[in-house]
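A short write-up of the structure that comes next.
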Protein chains: 2
Amino acid sequence: MDVVEGGSAPGWTLKRRTYRDQILEALRSSIISGALQPGARISEAELAGRFGVSRGPLREALGVLIQEGLLVSIPFTGTHVADLSPTEVDEIFSLRTQLEIFAFQQVWDRRDAAFAQELTRRHEQLLASIDSGDDEASIQHELALHSFVYEAAGHSLLLSVWNGLRGKLQLYWAAHHRAHGRRGPKPEGHLDYLRCALGDDFAAMEAEIREHMLRGFGRTQDFMRAREATQGPRTGRPAEPEQ
Amino acid sequence: MDVVEGGSAPGWTLKRRTYRDQILEALRSSIISGALQPGARISEAELAGRFGVSRGPLREALGVLIQEGLLVSIPFTGTHVADLSPTEVDEIFSLRTQLEIFAFQQVWDRRDAAFAQELTRRHEQLLASIDSGDDEASIQHELALHSFVYEAAGHSLLLSVWNGLRGKLQLYWAAHHRAHGRRGPKPEGHLDYLRCALGDDFAAMEAEIREHMLRGFGRTQDFMRAREATQGPRTGRPAEPEQ
DNA sequence: GCGGCGATCTTTGTTGACAATCGACCGCCG
DNA sequence: CGGCGGTCGATTGTCAACAAAGATCGCCGC
């Protein structure tokens with residue numbers, strides 16, 4: 001029942017072995033990786049059987065995912081993996097823009113050598129994974145790059161809001177990635193971001209964030225419209241169950 | 001397991017009678033009203049007995065509260081009502097400033113007669129409850145006033161983040177109110193807020209929000225420092241159980 | 001053929017008991 | 001008298017079964 005938030009300092013968390021946490025991790029990863037596609041039905045009984053546990057811990061894990069917005073539950077009818085609407089993706093990007101600007105605002109005057117080093121390191125990791133063609137890893141590393149400013153801002157509330165968004169963002173990217181197939185971030189996509197983040201012009205950083213999000217949002221918009229055209233207009237009901 | 005988010009439009013939610021939701025409501029209200037003070041221990045077994053239900057539904061309600069940050073759980077040791085640190089209150093105010101500006105930004109060009117009318121209505125309600133000396137209601141109505149812009153922004157993600165903050169904000173106000181005793185918001189505190197919100201100068205609105213939060217934060221700072229001096233420096237451990 | 005109606009079946013909500021884990025207390029030994 | 005180990009108690013984690021609620025679907029009357 002505790003929320004441990006993986007160690008942020010040197011990751012010293014030993015390991016949590018409660019079923020709930022293991023299930024939570026497994027489910028989250030399944031959803032993000034696309035093994036459980038948006039709209040897929042979730043049956044408590046079936047999943048419990050598959051994991052070899054009772055419905056108790058499983059239920060609690062589902063509860064967390066529901067509260068995070070990765071699952072949607074309609075009482076006595078069924079639980080399914082959340083399906084992002086264009087509106088929702090729009091909201092994620094616009095809110096994220098504000099939050100990320102705020103994060104930079106918080107950390108701006110406190111940036112030091114360690115900040116620059118870590119940001120650069122994450123950027124290099126991103127480049128490396130793009131180079132090696134591992135799209136899954138690229139997405140993770142892009143997220144890690146952006147996450148850094150939230151971690152460095154020293155604002156735990158902001159960080160927890162970001163972590164909430166992060167899940168949905170991954171959900172969207174997973175769908176995007178699956179649909180367009182093998183199309184991770186571009187290598188040059190974060191050069192300006194890194195340059196501004198290490199520079200001395202806050203206004204430029206702010207402008208870069210807005211642009212960066214707009215670029216991401218542009219791809220999004222195209223993708224969502226295309227999907228809508230393919231699958232027919234959404235009426236608010238979840239996609240038909242797969243599997 | 002569903003998250004119903006009390007109806008935001010005309011409050012038209014029928015009634016949810018699952019134990020979990022009733023318990024959730026009862027606990028949240030107890031915490032906010034101060035019946036359960038920060039640091040107070042929460043025993044699953046005892047509470048279950050008091051409510052006359054088993055630990056199952058109670059546990060799920062606690063889980064939600066924990067994820068919301070109103071409760072803190074240390075596995076195998078105990079669960080207690082969260083105790084806000086000065087840092088945390090600072091974070092709430094600073095984040096809230098950003099969010100509220102963003103909310104106005106979203107709604108600014110879409111404000112219409114209905115917007116003005118509802119905002120005015122909530123302000124009058126606030127004035128009325130201040131006049132009648134009901135501090136509990138004053139706090140609720142102040143929150144309702146500020147909530148309106150989040151509801152009107154038409155940004156569901158923003159609204160859900162705000163709702164997350166709202167709980168902690170109430171927790172803080174409850175402590176503040178209990179300590180200073182009978183000292184609700186001042187009648188003139190929101191005149192400028194209302195005027196700017198209905199005016200045509202967005203920059204003025206932004207400035208007003210920043211100022212408004214700073215005023216709130218000032219009172220906070222004083223209060224927290226005073227409490228710290230009274231109760232001795234905090235070492236990170238929860239306050240001793242009251243009850 | 002069609003609409004209302006009831007049985008059935010799936011899914012969630014709830015329960016009481018049992019097991020694992022950890023902190024605190026107490027007696028023992030050096 | 002102080003440190004140490006074991007035991008006890010409290011608390012959370014887990015389980016399997018039962019109950020309730022709603023949806024689905026076939027049936028009957030019209």
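Residues are named by chain letter and number: chains run A, B, ... in the order of the structure tokens, numbers start at 1 in each chain, and ligands are numbered from 1 in the order shown.
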Backbone-only DSSP, helix (DSSP H, G or I) members of region 4-239 of chain B, as a VMD selection string | chain B and resid 19 to 33 44 to 51 55 to 68 86 to 110 113 to 131 135 to 152 156 to 180 187 to 198 202 to 231
Please return, as JSON, numbers by chain, all residues of chain B lying within 9 Å of chain C when only C-alpha atoms (C1' of nucleotides) are considered.
-> {"B": [1, 18, 19, 53, 54, 55, 56, 57, 75, 76, 77]}
Keeping N, CA and C atoms for every residue in the selection just given, could you write it to a file as a short mmCIF file (atom, residue, chain, number, x, y, z; two decimals), in the first residue's frame?
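Once written, out17.cif looks like this:
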data_model
loop_
_atom_site.label_atom_id
_atom_site.label_comp_id
_atom_site.auth_asym_id
_atom_site.auth_seq_id
_atom_site.Cartn_x
_atom_site.Cartn_y
_atom_site.Cartn_z
N MET B 1 -13.61 0.05 -8.13
CA MET B 1 -12.30 0.30 -8.72
C MET B 1 -12.35 1.43 -9.72
N THR B 18 -21.01 1.53 -3.02
CA THR B 18 -19.98 0.58 -2.64
C THR B 18 -19.35 1.09 -1.34
N TYR B 19 -19.03 0.12 -0.50
CA TYR B 19 -18.41 0.49 0.77
C TYR B 19 -17.16 1.32 0.54
N VAL B 53 -17.05 -2.97 8.44
CA VAL B 53 -16.79 -3.70 7.20
C VAL B 53 -15.50 -4.49 7.38
N SER B 54 -15.21 -5.29 6.39
CA SER B 54 -13.97 -6.06 6.48
C SER B 54 -12.81 -5.20 5.98
N ARG B 55 -11.64 -5.75 6.07
CA ARG B 55 -10.47 -4.95 5.73
C ARG B 55 -10.33 -4.72 4.23
N GLY B 56 -10.97 -5.54 3.43
CA GLY B 56 -10.85 -5.41 1.98
C GLY B 56 -11.18 -4.03 1.44
N PRO B 57 -12.43 -3.64 1.51
CA PRO B 57 -12.82 -2.33 0.98
C PRO B 57 -12.07 -1.19 1.67
N PRO B 75 5.40 0.16 5.38
CA PRO B 75 4.99 -1.25 5.42
C PRO B 75 5.32 -1.92 6.75
N PHE B 76 4.40 -2.66 7.26
CA PHE B 76 4.56 -3.44 8.49
C PHE B 76 4.82 -2.57 9.71
N THR B 77 4.68 -1.30 9.57
CA THR B 77 4.95 -0.43 10.71
C THR B 77 3.73 0.40 11.06
#
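With CA of Phe93 (chain B) on one side and CA of Leu165 (chain B) on the other, the separation reads 9.6 Å.
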Within 8 Å of chain B: residues of chain A, using only C-alpha atoms, as a list in words = Met1, Asp2, Val3, Glu60, Leu62, Gly63, Val64, Ile66, Gln67, Val72, Ser73, Ile74, Pro75, Glu88, Glu91, Ile92, Leu95, Gln98, Phe102, His155, Ser156, Leu157, Leu158 and Val161 of chain A
Using only C-alpha atoms (C1' of nucleotides), tabulate the residues of chain D lying at most 10 Å from any atom of chain B, each with its closest atom pair and that distance in Å to one decimal, by chain and increasing residue number, as a Markdown table.
| residue | atom | partner | partner_atom | distance |
| --- | --- | --- | --- | --- |
| D:DA10 | C1' | B:Thr77 | CA | 8.5 |
| D:DT11 | C1' | B:Phe76 | CA | 5.1 |
| D:DT12 | C1' | B:Phe76 | CA | 5.1 |
| D:DG13 | C1' | B:Phe76 | CA | 9.2 |
Contacts of Leu126 (chain A) at 6 Å or less, counting only C-alpha atoms (C1' of nucleotides), minus same-chain residues fewer than 2 places along, as a ChimeraX atom specification?
-> /A:123-124,128-129,138,141
Could you pull out the residues in region 73-226 of chain B that DSSP calls strand (DSSP E or B) from the backbone, as a VMD selection string?
-> chain B and resid 73 to 74 78 to 81
Coordinates-based distance that separates CA of Pro187 (chain A) from CA of Asp134 (chain A) (Å, one decimal) | 12.6 Å
To one decimal place, how far is CA of Arg50 (chain B) from CA of Leu36 (chain B) in Å?
->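 So the two atoms, CA of Arg50 (chain B) and CA of Leu36 (chain B), lie 14.0 Å apart.
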